[in-house]
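Visitor: My structure is stored as start11.txt, with compact mmCIF, C-alpha atoms.
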# COMPACT_ATOMS: atom_id res chain seq x y z
CA MET K 1 9.23 26.36 -23.70
CA VAL K 2 12.59 25.43 -25.19
CA ALA K 3 14.28 28.26 -23.27
CA ARG K 4 12.54 27.13 -20.07
CA ALA K 5 13.66 23.53 -20.62
CA ALA K 6 17.24 24.72 -21.10
CA ARG K 7 17.19 26.02 -17.51
CA GLU K 8 16.70 22.41 -16.39
CA ILE K 9 20.34 21.76 -17.25
CA ALA K 10 22.58 22.31 -14.22
CA PRO K 11 26.28 23.19 -14.52
CA GLY K 12 28.50 20.12 -14.76
CA MET K 13 25.89 17.75 -16.13
CA VAL K 14 26.30 15.12 -18.87
CA VAL K 15 23.19 15.56 -21.03
CA ASN K 16 21.65 13.82 -24.06
CA LEU K 17 19.17 15.83 -26.12
CA GLY K 18 16.73 13.66 -28.07
CA ILE K 19 15.78 14.10 -31.72
CA GLY K 20 13.25 16.85 -32.51
CA LEU K 21 12.34 19.67 -30.14
CA PRO K 22 14.95 18.74 -27.49
CA THR K 23 17.81 19.30 -29.94
CA ARG K 24 16.84 22.97 -30.07
CA VAL K 25 17.73 23.37 -26.39
CA VAL K 26 21.39 23.64 -27.42
CA ASN K 27 20.70 27.10 -28.88
CA HIS K 28 19.79 28.34 -25.39
CA LEU K 29 23.07 27.32 -23.72
CA SER K 30 25.75 30.03 -23.65
CA ALA K 31 29.26 29.31 -24.91
CA ASP K 32 30.75 29.41 -21.41
CA PHE K 33 28.08 27.26 -19.70
CA PRO K 34 29.83 24.16 -18.26
CA VAL K 35 28.02 21.12 -19.65
CA CYS K 36 28.91 17.97 -21.62
CA LEU K 37 26.40 17.14 -24.35
CA HIS K 38 26.38 13.50 -25.48
CA THR K 39 25.01 11.96 -28.67
CA GLU K 40 24.37 8.23 -29.16
CA ASN K 41 26.33 7.94 -32.39
CA GLY K 42 29.58 8.48 -30.52
CA LEU K 43 30.46 11.98 -29.36
CA SER K 44 30.73 13.68 -25.97
CA GLY K 45 31.19 17.43 -26.09
CA ILE K 46 28.86 18.50 -28.90
CA GLY K 47 29.48 22.02 -30.15
CA PRO K 48 27.18 24.31 -32.11
CA THR K 49 25.28 23.02 -35.15
CA ARG K 50 26.95 23.61 -38.52
CA GLY K 51 25.44 24.73 -41.82
CA HIS K 52 26.08 22.67 -44.96
CA ASP K 53 28.92 24.85 -46.15
CA SER K 54 30.98 24.59 -42.96
CA ALA K 55 29.95 21.01 -42.06
CA ASP K 56 32.39 18.13 -41.49
CA ARG K 57 30.92 15.18 -43.47
CA ASN K 58 31.96 12.80 -40.65
CA LEU K 59 30.49 14.75 -37.75
CA ILE K 60 26.74 14.40 -37.12
CA ASP K 61 24.44 13.94 -34.16
CA ALA K 62 22.03 11.02 -33.78
CA GLY K 63 19.37 12.94 -35.70
CA GLY K 64 21.69 13.45 -38.66
CA ALA K 65 22.30 17.17 -38.07
CA TYR K 66 25.84 18.41 -38.70
CA VAL K 67 27.48 19.45 -35.43
CA SER K 68 30.91 20.55 -34.26
CA THR K 69 33.29 19.60 -31.48
CA VAL K 70 34.49 21.79 -28.61
CA PRO K 71 37.88 21.75 -26.87
CA GLY K 72 37.80 18.48 -24.87
CA SER K 73 35.37 16.55 -27.08
CA ALA K 74 35.78 12.77 -27.39
CA CYS K 75 34.70 10.37 -30.16
CA PHE K 76 33.96 6.70 -29.52
CA ASP K 77 32.16 3.64 -30.86
CA SER K 78 28.50 2.73 -30.29
CA ALA K 79 29.22 0.24 -27.50
CA THR K 80 31.10 2.86 -25.50
CA SER K 81 28.39 5.40 -26.23
CA PHE K 82 25.68 3.21 -24.72
CA ALA K 83 27.91 2.15 -21.84
CA ILE K 84 27.75 5.84 -20.89
CA VAL K 85 23.94 5.66 -21.02
CA ARG K 86 23.35 2.32 -19.28
CA SER K 87 25.97 2.72 -16.54
CA GLY K 88 24.34 5.85 -15.12
CA ARG K 89 26.84 8.44 -16.41
CA LEU K 90 24.07 10.37 -18.15
CA ASP K 91 22.68 12.90 -15.67
CA LEU K 92 19.79 14.01 -17.83
CA THR K 93 18.05 13.23 -21.07
CA MET K 94 15.37 15.33 -22.76
CA LEU K 95 13.08 13.32 -25.01
CA GLY K 96 10.07 13.87 -27.23
CA ALA K 97 6.79 12.05 -26.58
CA PHE K 98 3.61 10.73 -28.17
CA GLU K 99 2.12 10.08 -24.74
CA VAL K 100 3.16 10.38 -21.07
CA SER K 101 1.14 8.71 -18.32
CA ALA K 102 0.39 9.99 -14.82
CA THR K 103 2.85 7.38 -13.50
CA GLY K 104 5.63 8.59 -15.79
CA ASP K 105 5.33 5.92 -18.49
CA LEU K 106 6.68 7.16 -21.83
CA ALA K 107 5.48 6.18 -25.31
CA ASN K 108 7.51 7.78 -28.07
CA TRP K 109 8.54 5.16 -30.62
CA LYS K 110 5.63 3.37 -32.18
CA ILE K 111 2.08 4.04 -33.38
CA PRO K 112 0.90 0.57 -34.45
CA GLY K 113 -0.12 0.51 -38.10
CA LYS K 114 1.05 4.08 -38.72
CA PHE K 115 4.56 4.76 -37.51
CA SER K 116 7.07 2.11 -36.53
CA PRO K 117 10.56 3.04 -37.68
CA GLY K 118 12.25 1.49 -34.60
CA ALA K 119 13.28 3.06 -31.31
CA GLY K 120 16.98 3.56 -32.06
CA GLY K 121 18.61 4.43 -28.73
CA GLY K 122 15.44 5.81 -27.19
CA ILE K 123 14.66 2.85 -24.95
CA GLU K 124 18.07 2.93 -23.29
CA LEU K 125 17.93 6.70 -22.82
CA ALA K 126 14.46 6.55 -21.26
CA GLN K 127 15.25 3.57 -19.05
CA LYS K 128 18.76 4.47 -17.88
CA ALA K 129 19.37 8.23 -17.80
CA ARG K 130 19.41 9.39 -14.16
CA ARG K 131 16.73 11.95 -14.91
CA VAL K 132 14.32 11.85 -17.84
CA VAL K 133 12.36 14.92 -18.84
CA VAL K 134 10.03 15.29 -21.79
CA LEU K 135 9.80 18.25 -24.12
CA THR K 136 6.65 18.18 -26.23
CA THR K 137 3.63 20.06 -27.40
CA HIS K 138 0.87 19.66 -24.81
CA CYS K 139 -1.54 18.19 -27.39
CA ASP K 140 -0.99 16.36 -30.68
CA ARG K 141 -1.80 17.91 -34.08
CA ALA K 142 -5.43 16.79 -33.81
CA GLY K 143 -5.72 18.55 -30.43
CA ASN K 144 -5.73 15.38 -28.33
CA PRO K 145 -3.93 15.56 -24.96
CA LYS K 146 -0.57 13.78 -24.81
CA LEU K 147 -0.63 13.70 -20.99
CA LYS K 148 -2.95 10.86 -20.03
CA GLN K 149 -3.89 8.68 -17.07
CA ALA K 150 -2.41 5.68 -18.92
CA CYS K 151 -0.59 5.35 -22.25
CA ALA K 152 -2.49 3.57 -25.02
CA LEU K 153 0.58 3.20 -27.26
CA PRO K 154 3.42 0.68 -26.77
CA LEU K 155 5.75 1.91 -24.04
CA THR K 156 9.33 3.02 -24.54
CA ALA K 157 9.93 2.65 -20.81
CA GLY K 158 7.69 2.54 -17.75
CA GLY K 159 7.77 5.05 -14.87
CA CYS K 160 10.76 6.95 -16.24
CA VAL K 161 9.55 10.54 -16.74
CA ALA K 162 10.19 13.04 -13.92
CA ARG K 163 9.12 16.32 -15.54
CA ILE K 164 7.34 17.50 -18.69
CA PHE K 165 7.89 20.81 -20.50
CA THR K 166 5.10 21.80 -22.90
CA ASP K 167 3.95 24.92 -24.71
CA LEU K 168 1.43 25.40 -21.88
CA ALA K 169 3.16 24.37 -18.67
CA VAL K 170 5.85 22.67 -16.64
CA ILE K 171 4.41 19.58 -14.98
CA ASP K 172 6.05 17.16 -12.56
CA VAL K 173 5.23 13.46 -12.37
CA THR K 174 4.86 12.71 -8.65
CA GLY K 175 3.88 9.58 -6.75
CA ASP K 176 0.34 10.97 -6.91
CA GLY K 177 0.20 11.78 -10.62
CA PHE K 178 0.68 15.05 -12.52
CA ALA K 179 1.42 18.23 -10.54
CA LEU K 180 1.42 21.68 -12.15
CA VAL K 181 4.66 23.56 -11.48
CA GLU K 182 4.62 26.55 -13.86
CA THR K 183 2.44 27.90 -16.65
CA ALA K 184 3.34 29.70 -19.86
CA ASP K 185 2.64 33.43 -20.01
CA GLY K 186 -1.09 34.01 -20.49
CA ILE K 187 -2.06 30.41 -19.71
CA SER K 188 -4.21 29.64 -16.65
CA ALA K 189 -4.18 26.52 -14.52
CA THR K 190 -7.65 25.79 -15.88
CA ASP K 191 -6.35 25.93 -19.47
CA VAL K 192 -3.69 23.36 -18.58
CA ALA K 193 -6.13 21.10 -16.72
CA GLU K 194 -8.53 21.13 -19.68
CA ALA K 195 -5.75 20.07 -22.04
CA THR K 196 -4.63 17.24 -19.75
CA ASP K 197 -6.41 13.88 -19.78
CA ALA K 198 -5.69 13.05 -16.12
CA PRO K 199 -6.06 14.76 -12.73
CA LEU K 200 -3.66 17.70 -12.27
CA ALA K 201 -2.60 18.75 -8.76
CA LEU K 202 -2.25 22.51 -8.20
CA PRO K 203 0.15 24.08 -5.70
CA ASP K 204 -1.19 26.16 -2.78
CA THR K 205 1.06 29.08 -3.74
CA PRO K 206 0.67 31.28 -6.85
CA LEU K 207 2.10 29.66 -10.00
CA PRO K 208 5.27 31.04 -11.54
CA THR K 209 5.12 31.72 -15.29
CA PHE K 210 7.69 31.29 -18.07
CA MET V 1 59.77 -10.27 -39.95
CA ARG V 2 57.22 -8.35 -41.93
CA LEU V 3 53.45 -8.14 -41.46
CA PRO V 4 51.46 -9.63 -44.35
CA ASP V 5 49.90 -7.41 -47.02
CA LYS V 6 46.09 -7.70 -47.25
CA THR V 7 45.40 -5.05 -49.87
CA ARG V 8 43.05 -6.37 -52.56
CA ALA V 9 41.09 -5.31 -55.59
CA ILE V 10 37.52 -4.60 -54.53
CA GLU V 11 36.01 -7.34 -56.76
CA GLU V 12 38.33 -9.92 -55.24
CA ALA V 13 37.40 -8.90 -51.69
CA ILE V 14 33.63 -8.93 -52.33
CA ALA V 15 33.75 -12.27 -54.23
CA GLU V 16 33.70 -14.20 -50.93
CA ILE V 17 30.09 -13.17 -50.22
CA LYS V 18 27.54 -15.86 -51.14
CA ASP V 19 23.75 -16.06 -51.51
CA GLY V 20 22.11 -16.36 -48.09
CA ASP V 21 25.02 -14.79 -46.17
CA THR V 22 24.72 -12.51 -43.17
CA VAL V 23 26.58 -9.28 -43.83
CA MET V 24 27.31 -6.58 -41.26
CA VAL V 25 27.60 -3.04 -42.61
CA GLY V 26 29.19 -0.24 -40.57
CA GLY V 27 27.92 3.32 -40.40
CA PHE V 28 25.39 5.56 -38.68
CA GLY V 29 23.87 7.76 -41.35
CA VAL V 30 26.51 8.68 -43.92
CA PRO V 31 29.55 8.75 -41.58
CA GLY V 32 31.23 5.35 -41.56
CA THR V 33 28.96 3.77 -44.18
CA PRO V 34 31.11 1.82 -46.71
CA MET V 35 29.37 3.25 -49.79
CA THR V 36 31.87 1.83 -52.29
CA LEU V 37 31.76 -1.73 -50.90
CA ILE V 38 27.96 -1.55 -50.95
CA HIS V 39 28.00 -0.69 -54.67
CA ALA V 40 30.43 -3.57 -55.26
CA LEU V 41 28.02 -5.92 -53.48
CA VAL V 42 25.19 -4.69 -55.71
CA ASP V 43 27.37 -5.45 -58.77
CA HIS V 44 28.37 -8.84 -57.30
CA GLY V 45 24.68 -9.72 -57.01
CA ALA V 46 24.56 -12.07 -53.98
CA ARG V 47 20.92 -12.49 -52.93
CA ASP V 48 18.79 -13.50 -49.97
CA LEU V 49 21.14 -11.59 -47.68
CA THR V 50 20.62 -10.79 -44.01
CA LEU V 51 22.04 -7.33 -43.36
CA VAL V 52 23.01 -6.03 -39.94
CA LYS V 53 23.13 -2.23 -39.93
CA ASN V 54 22.22 0.47 -37.44
CA ASP V 55 19.95 2.29 -39.89
CA ALA V 56 18.86 1.94 -43.52
CA ASN V 57 20.51 5.19 -44.65
CA GLU V 58 18.21 7.34 -46.82
CA PRO V 59 16.41 6.54 -50.08
CA GLY V 60 18.98 6.17 -52.87
CA MET V 61 21.94 6.07 -50.44
CA GLY V 62 24.06 3.39 -48.76
CA ILE V 63 22.29 0.10 -48.08
CA ASP V 64 19.14 1.40 -49.77
CA HIS V 65 20.84 0.34 -53.04
CA LEU V 66 20.80 -3.27 -51.78
CA LEU V 67 17.16 -2.92 -50.76
CA GLN V 68 16.29 -1.46 -54.18
CA SER V 69 18.04 -4.32 -55.99
CA GLY V 70 16.06 -6.87 -53.99
CA GLN V 71 19.15 -8.58 -52.56
CA VAL V 72 18.09 -8.29 -48.91
CA ALA V 73 15.64 -10.71 -47.29
CA ARG V 74 16.14 -9.62 -43.70
CA LEU V 75 17.44 -6.55 -41.90
CA ILE V 76 18.61 -6.46 -38.28
CA THR V 77 18.60 -2.79 -37.30
CA THR V 78 17.63 -0.14 -34.75
CA HIS V 79 15.92 2.65 -36.69
CA LEU V 80 14.59 3.19 -40.21
CA GLY V 81 13.19 6.68 -39.66
CA LEU V 82 15.11 8.38 -42.48
CA ASN V 83 14.32 5.77 -45.15
CA SER V 84 10.66 5.78 -46.21
CA HIS V 85 11.50 3.20 -48.90
CA ALA V 86 12.73 0.70 -46.29
CA ILE V 87 9.63 1.30 -44.16
CA GLY V 88 7.47 0.62 -47.24
CA LEU V 89 9.28 -2.68 -47.91
CA MET V 90 8.81 -3.66 -44.26
CA ASN V 91 5.11 -2.76 -44.24
CA SER V 92 4.48 -4.68 -47.49
CA GLY V 93 6.18 -7.77 -46.10
CA ALA V 94 8.92 -7.75 -48.77
CA LEU V 95 11.56 -7.17 -46.09
CA THR V 96 11.71 -8.85 -42.68
CA VAL V 97 12.95 -6.39 -40.07
CA GLU V 98 14.24 -7.20 -36.59
CA PHE V 99 14.51 -4.12 -34.36
CA ASN V 100 17.07 -3.99 -31.57
CA ALA V 101 17.73 -1.29 -29.00
CA GLN V 102 20.76 0.51 -30.41
CA GLY V 103 23.22 -0.15 -27.61
CA ILE V 104 22.06 -3.75 -27.35
CA LEU V 105 22.74 -4.30 -31.04
CA ALA V 106 26.23 -2.90 -30.37
CA GLU V 107 26.76 -5.25 -27.40
CA ARG V 108 25.44 -8.30 -29.29
CA ILE V 109 27.98 -7.60 -32.03
CA ARG V 110 30.74 -6.94 -29.51
CA ALA V 111 29.94 -10.26 -27.81
CA GLY V 112 30.05 -12.02 -31.17
CA GLY V 113 33.43 -10.49 -31.87
CA ALA V 114 34.73 -11.42 -28.43
CA GLY V 115 33.85 -15.11 -28.68
CA LEU V 116 31.00 -14.92 -26.16
CA GLY V 117 27.57 -16.52 -26.39
CA ALA V 118 25.28 -13.73 -25.25
CA VAL V 119 24.93 -10.70 -23.03
CA LEU V 120 22.41 -10.15 -20.22
CA SER V 121 20.48 -6.89 -20.26
CA ASP V 122 17.39 -5.34 -18.70
CA ILE V 123 16.82 -2.93 -21.60
CA GLY V 124 13.20 -3.04 -22.74
CA ILE V 125 12.37 -5.77 -20.23
CA ASP V 126 8.92 -4.25 -19.55
CA THR V 127 8.19 -3.51 -23.21
CA GLU V 128 7.19 -5.43 -26.34
CA LEU V 129 10.89 -5.65 -27.32
CA ALA V 130 11.17 -8.35 -24.64
CA GLN V 131 8.59 -10.60 -26.31
CA GLY V 132 9.95 -14.03 -27.14
CA LYS V 133 13.27 -13.47 -25.37
CA GLN V 134 14.69 -15.86 -22.80
CA VAL V 135 14.77 -14.49 -19.24
CA VAL V 136 17.30 -15.59 -16.62
CA GLU V 137 17.56 -14.70 -12.96
CA MET V 138 20.91 -13.35 -11.77
CA GLY V 139 21.66 -11.52 -8.54
CA GLY V 140 17.97 -11.55 -7.65
CA LYS V 141 16.98 -9.73 -10.85
CA PRO V 142 15.49 -10.87 -14.16
CA TRP V 143 17.63 -10.28 -17.26
CA LEU V 144 16.93 -10.73 -20.95
CA VAL V 145 19.32 -13.02 -22.80
CA GLU V 146 20.57 -11.15 -25.87
CA PRO V 147 22.36 -13.65 -28.14
CA ALA V 148 25.74 -12.73 -29.59
CA LEU V 149 25.68 -11.77 -33.26
CA ARG V 150 28.25 -12.84 -35.85
CA ALA V 151 28.25 -12.51 -39.62
CA ASP V 152 29.79 -14.21 -42.63
CA SER V 153 31.19 -10.88 -43.78
CA ALA V 154 31.53 -7.33 -42.45
CA LEU V 155 31.82 -4.26 -44.66
CA ILE V 156 33.80 -1.58 -42.86
CA HIS V 157 34.72 2.03 -43.65
CA ALA V 158 37.90 3.43 -42.09
CA ASP V 159 39.74 6.71 -42.51
CA ARG V 160 43.28 5.32 -42.44
CA ALA V 161 44.85 1.87 -42.53
CA ASP V 162 48.10 0.10 -43.29
CA PRO V 163 48.43 -2.92 -45.60
CA PHE V 164 48.12 -5.34 -42.65
CA GLY V 165 44.62 -3.98 -41.95
CA ASN V 166 45.25 -1.93 -38.84
CA LEU V 167 42.39 0.60 -38.96
CA ALA V 168 41.73 4.10 -37.61
CA TYR V 169 38.43 5.96 -37.76
CA VAL V 170 37.53 9.64 -37.45
CA ALA V 171 34.81 11.63 -35.68
CA THR V 172 31.36 10.00 -35.64
CA ALA V 173 32.33 7.68 -38.52
CA GLN V 174 33.48 5.21 -35.85
CA ASN V 175 30.04 4.07 -34.59
CA PHE V 176 29.50 0.33 -35.35
CA ASN V 177 32.64 -0.12 -37.47
CA PRO V 178 35.14 -1.23 -34.79
CA LEU V 179 32.56 -3.65 -33.34
CA MET V 180 31.60 -5.22 -36.68
CA ALA V 181 35.27 -5.41 -37.69
CA MET V 182 35.69 -8.02 -34.94
CA ALA V 183 32.49 -10.00 -35.48
CA ALA V 184 32.66 -11.54 -38.96
CA THR V 185 34.44 -14.47 -40.57
CA CYS V 186 35.55 -12.25 -43.48
CA VAL V 187 36.21 -8.60 -42.67
CA ILE V 188 36.53 -6.24 -45.63
CA ALA V 189 37.62 -2.65 -44.96
CA GLU V 190 37.41 0.18 -47.47
CA VAL V 191 39.92 2.84 -46.52
CA GLU V 192 40.29 6.50 -47.52
CA THR V 193 44.07 6.49 -47.07
CA VAL V 194 46.28 3.40 -47.04
CA LEU V 195 49.60 4.25 -45.42
CA PRO V 196 52.76 2.13 -45.65
CA LEU V 197 53.45 -0.29 -42.78
CA GLY V 198 54.51 1.85 -39.83
CA GLY V 199 52.64 4.84 -41.22
CA LEU V 200 49.81 4.28 -38.78
CA GLY V 201 51.38 4.47 -35.32
CA ALA V 202 50.79 1.51 -33.00
CA ASN V 203 48.98 3.81 -30.55
CA GLU V 204 46.70 5.27 -33.23
CA VAL V 205 45.13 1.91 -34.14
CA HIS V 206 41.43 1.49 -33.29
CA THR V 207 40.98 -1.97 -34.89
CA PRO V 208 44.03 -4.25 -34.84
CA GLY V 209 44.78 -5.71 -38.25
CA VAL V 210 44.52 -9.28 -36.95
CA PHE V 211 40.72 -8.90 -37.26
CA VAL V 212 40.82 -7.69 -40.86
CA ASP V 213 41.00 -9.93 -43.96
CA HIS V 214 40.91 -7.51 -46.90
CA VAL V 215 41.97 -3.89 -47.28
CA VAL V 216 40.47 -1.99 -50.22
CA ALA V 217 41.97 1.42 -51.00
CA LEU V 218 39.40 4.04 -52.05
CA GLY V 219 40.19 6.46 -54.84
CA ASP V 220 38.39 9.78 -55.06
CA LEU V 221 35.29 9.66 -52.87
CA SER V 222 31.92 9.69 -54.62
CA GLU V 223 29.23 12.29 -53.93
CA GLU V 224 27.52 9.77 -51.64
CA TYR V 225 30.15 10.42 -48.94
CA ALA V 226 29.60 14.18 -49.02
CA VAL V 227 27.57 16.44 -46.74
CA VAL V 228 23.86 15.70 -47.27
CA ARG V 229 21.92 18.81 -48.31
CA ARG V 230 18.42 17.96 -47.09
Written as structure tokens, that's how I'd like the structure from this file.

Guide:
Amino acid sequence: MVARAAREIAPGMVVNLGIGLPTRVVNHLSADFPVCLHTENGLSGIGPTRGHDSADRNLIDAGGAYVSTVPGSACFDSATSFAIVRSGRLDLTMLGAFEVSATGDLANWKIPGKFSPGAGGGIELAQKARRVVVLTTHCDRAGNPKLKQACALPLTAGGCVARIFTDLAVIDVTGDGFALVETADGISATDVAEATDAPLALPDTPLPTF
Amino acid sequence: MRLPDKTRAIEEAIAEIKDGDTVMVGGFGVPGTPMTLIHALVDHGARDLTLVKNDANEPGMGIDHLLQSGQVARLITTHLGLNSHAIGLMNSGALTVEFNAQGILAERIRAGGAGLGAVLSDIGIDTELAQGKQVVEMGGKPWLVEPALRADSALIHADRADPFGNLAYVATAQNFNPLMAMAATCVIAEVETVLPLGGLGANEVHTPGVFVDHVVALGDLSEEYAVVRR
């Protein structure tokens, strides 16, 4: 699913990869692929992740992982970093999710009473990136669907999600709810529908797999 | 003419902080966090502080020392995810936490440093982050009023400086430092290398020295500044 999500990145884009699964997308981009990766803590042009022994103590991404620069990288303060986000310069962001609704609402920052460490830059990314896609397991650890008719958790941003990549499928959020686009190898449309807590539109043509 | 020298002993610089003060602290994770000034503030002992910091570092690191010592009443921040101790204090009610969207915290501080009253933003306008905020209509759209933020003191970490307090940062250690260095009545910068006047070229300066009150030269860096082996 991570490799499939990486193909969502078009040449020339400015892209922010959220903490967690999305960060792993970087490993599926070749060294000569033309893209500018941005991180909220003040870097455009993220290079490959560094191990502890070769790390620069002053060079991390927003998740705290040690990264590198590439020829042409730029460093800046937090105001400039979020000016990039809010002004529409970010072509794409890939975020994690607790829940996504059939209208594209995203909940990924707070589980009342259990988990409320603050949203960091997540609200601005979800609300202002030109395209927001979600990369997540299809169900949570207890097996409950994360794709629902409506989110029960506090929203990060409403109506922001365009596409969802899961371990089971690629699903678009359309004006009419969830639409199945692709399935993972060995997964049927029925499998995906059963793991989704909202109606799922199927295409008339055979489904591609990934 | 000669630009004034603002280099100080660390105890002298920190002595200005009083009980009940609001203190901004630079840094995002380890990079840019003024670890040495934080330890000096622990030794100084000022209490009932309001801290403004992007994150709460990790247990046993950075501002967590001030949380451990019970000197902090209130924390204005964006994310505590890496500090389970801070989350515990928040959940038990021992620490009041105000969460801001990260870029909005940056803009509130920038506005405070620029002599403005507030910024208008639509970030989080449909979410619970908007609760209790004033809304104004401008250009046919509703906007949240995000008040400017200033502090009594700011603790800053810079890579290089001159004795006048011109500062330069490196890599992702910049983050909130240049913004906070403009937004406090007393700005204290700890600096890895203090160069003679003229040693930091006029075009290399990120924060002009006019904003800075005290320059503290760091000696050998402690382990706390090093790469974190999680």

Visitor: Quick one: residues within 10 Å of K:Pro199, only C-alpha atoms, excluding same-chain residues fewer than 6 positions away - as a list of chain:residue names?

Guide: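 What passes the distance filter is K:Ala102, K:Leu147, K:Lys148, K:Gln149, K:Asp176, K:Gly177, K:Phe178, K:Ala179, K:Ala193.
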
Visitor: Using only C-alpha atoms, I'd like every residue of chain V that has an atom within 8 Å of chain K; please write them out as an NGL selection string.

Guide: :V and (28-32 or 78-81 or 87 or 99-103 or 106-107 or 110 or 123-124 or 126-128 or 170-179 or 225-229)

Visitor: What lies within 8 Å of stretch 184-191 of chain K using only C-alpha atoms, ignoring chain neighbours under 2 positions off, as a PyMOL selection string?

Guide: chain K and resi 1+167-169+180+182+193-195+202+209-210

Visitor: When you draw a straight line from atom CA of V:Glu190 to atom CA of V:Met61, how long is it in Å?

Guide: 16.8 Å

Visitor: Interatomic distance between atom CA of K:His138 and atom CA of K:Asp91?

Guide: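 Taking atom CA of K:His138 and atom CA of K:Asp91, their separation equals 24.6 Å.
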
Visitor: Show which residues sit within 9 Å of K:Pro11, as a list in words. Count only C-alpha atoms, and ignore same-chain residues fewer than 3 positions away.

Guide: Phe33, Pro34 and Val35 of chain K

Visitor: What is the atom CA of K:Pro203-atom CA of K:Thr166 distance in Å, reported with one decimal?

Guide: 18.0 Å

Visitor: Leaving out V:His214 and any residue of its chain fewer than 4 positions from it, which residues lie within 7 Å of it when counting only C-alpha atoms, given as a compact mmCIF listing (two decimals) with C-alpha atoms, in the frame of the given file?

Guide:
# COMPACT_ATOMS: atom_id res chain seq x y z
CA LYS V 6 46.09 -7.70 -47.25
CA THR V 7 45.40 -5.05 -49.87
CA ARG V 8 43.05 -6.37 -52.56
CA ALA V 13 37.40 -8.90 -51.69
CA VAL V 187 36.21 -8.60 -42.67
CA ILE V 188 36.53 -6.24 -45.63
CA ALA V 189 37.62 -2.65 -44.96

Visitor: For stretch 90-98 of chain V, list every protein, DNA or RNA residue within 9 Å, evaluated using only C-alpha atoms, and leave out those in the same chain fewer than 5 positions away; present the list as a PyMOL selection string.

Guide: (chain K and resi 113) or (chain V and resi 67+70+72-78+85)

Visitor: Nearest to K:Ile171: which of K:Ala10, K:Ala31, K:Gly88, K:Gly104 is it, counting all atoms listed in the file?

Guide: K:Gly104

Visitor: Rank nothing, just name the residue among V:Leu167, V:Leu3, V:Ile125, V:Leu41 nearest to V:Leu144, using all atoms listed in the file.

Guide: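 Closest candidate: V:Ile125.
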
Visitor: Nearest to K:Met13 among K:Asn108, K:Thr183, K:Thr49, K:Thr93, with distances taken over all atoms listed in the file: which residue is it?

Guide: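 The shortest atom-to-atom distance to K:Met13 comes from K:Thr93.
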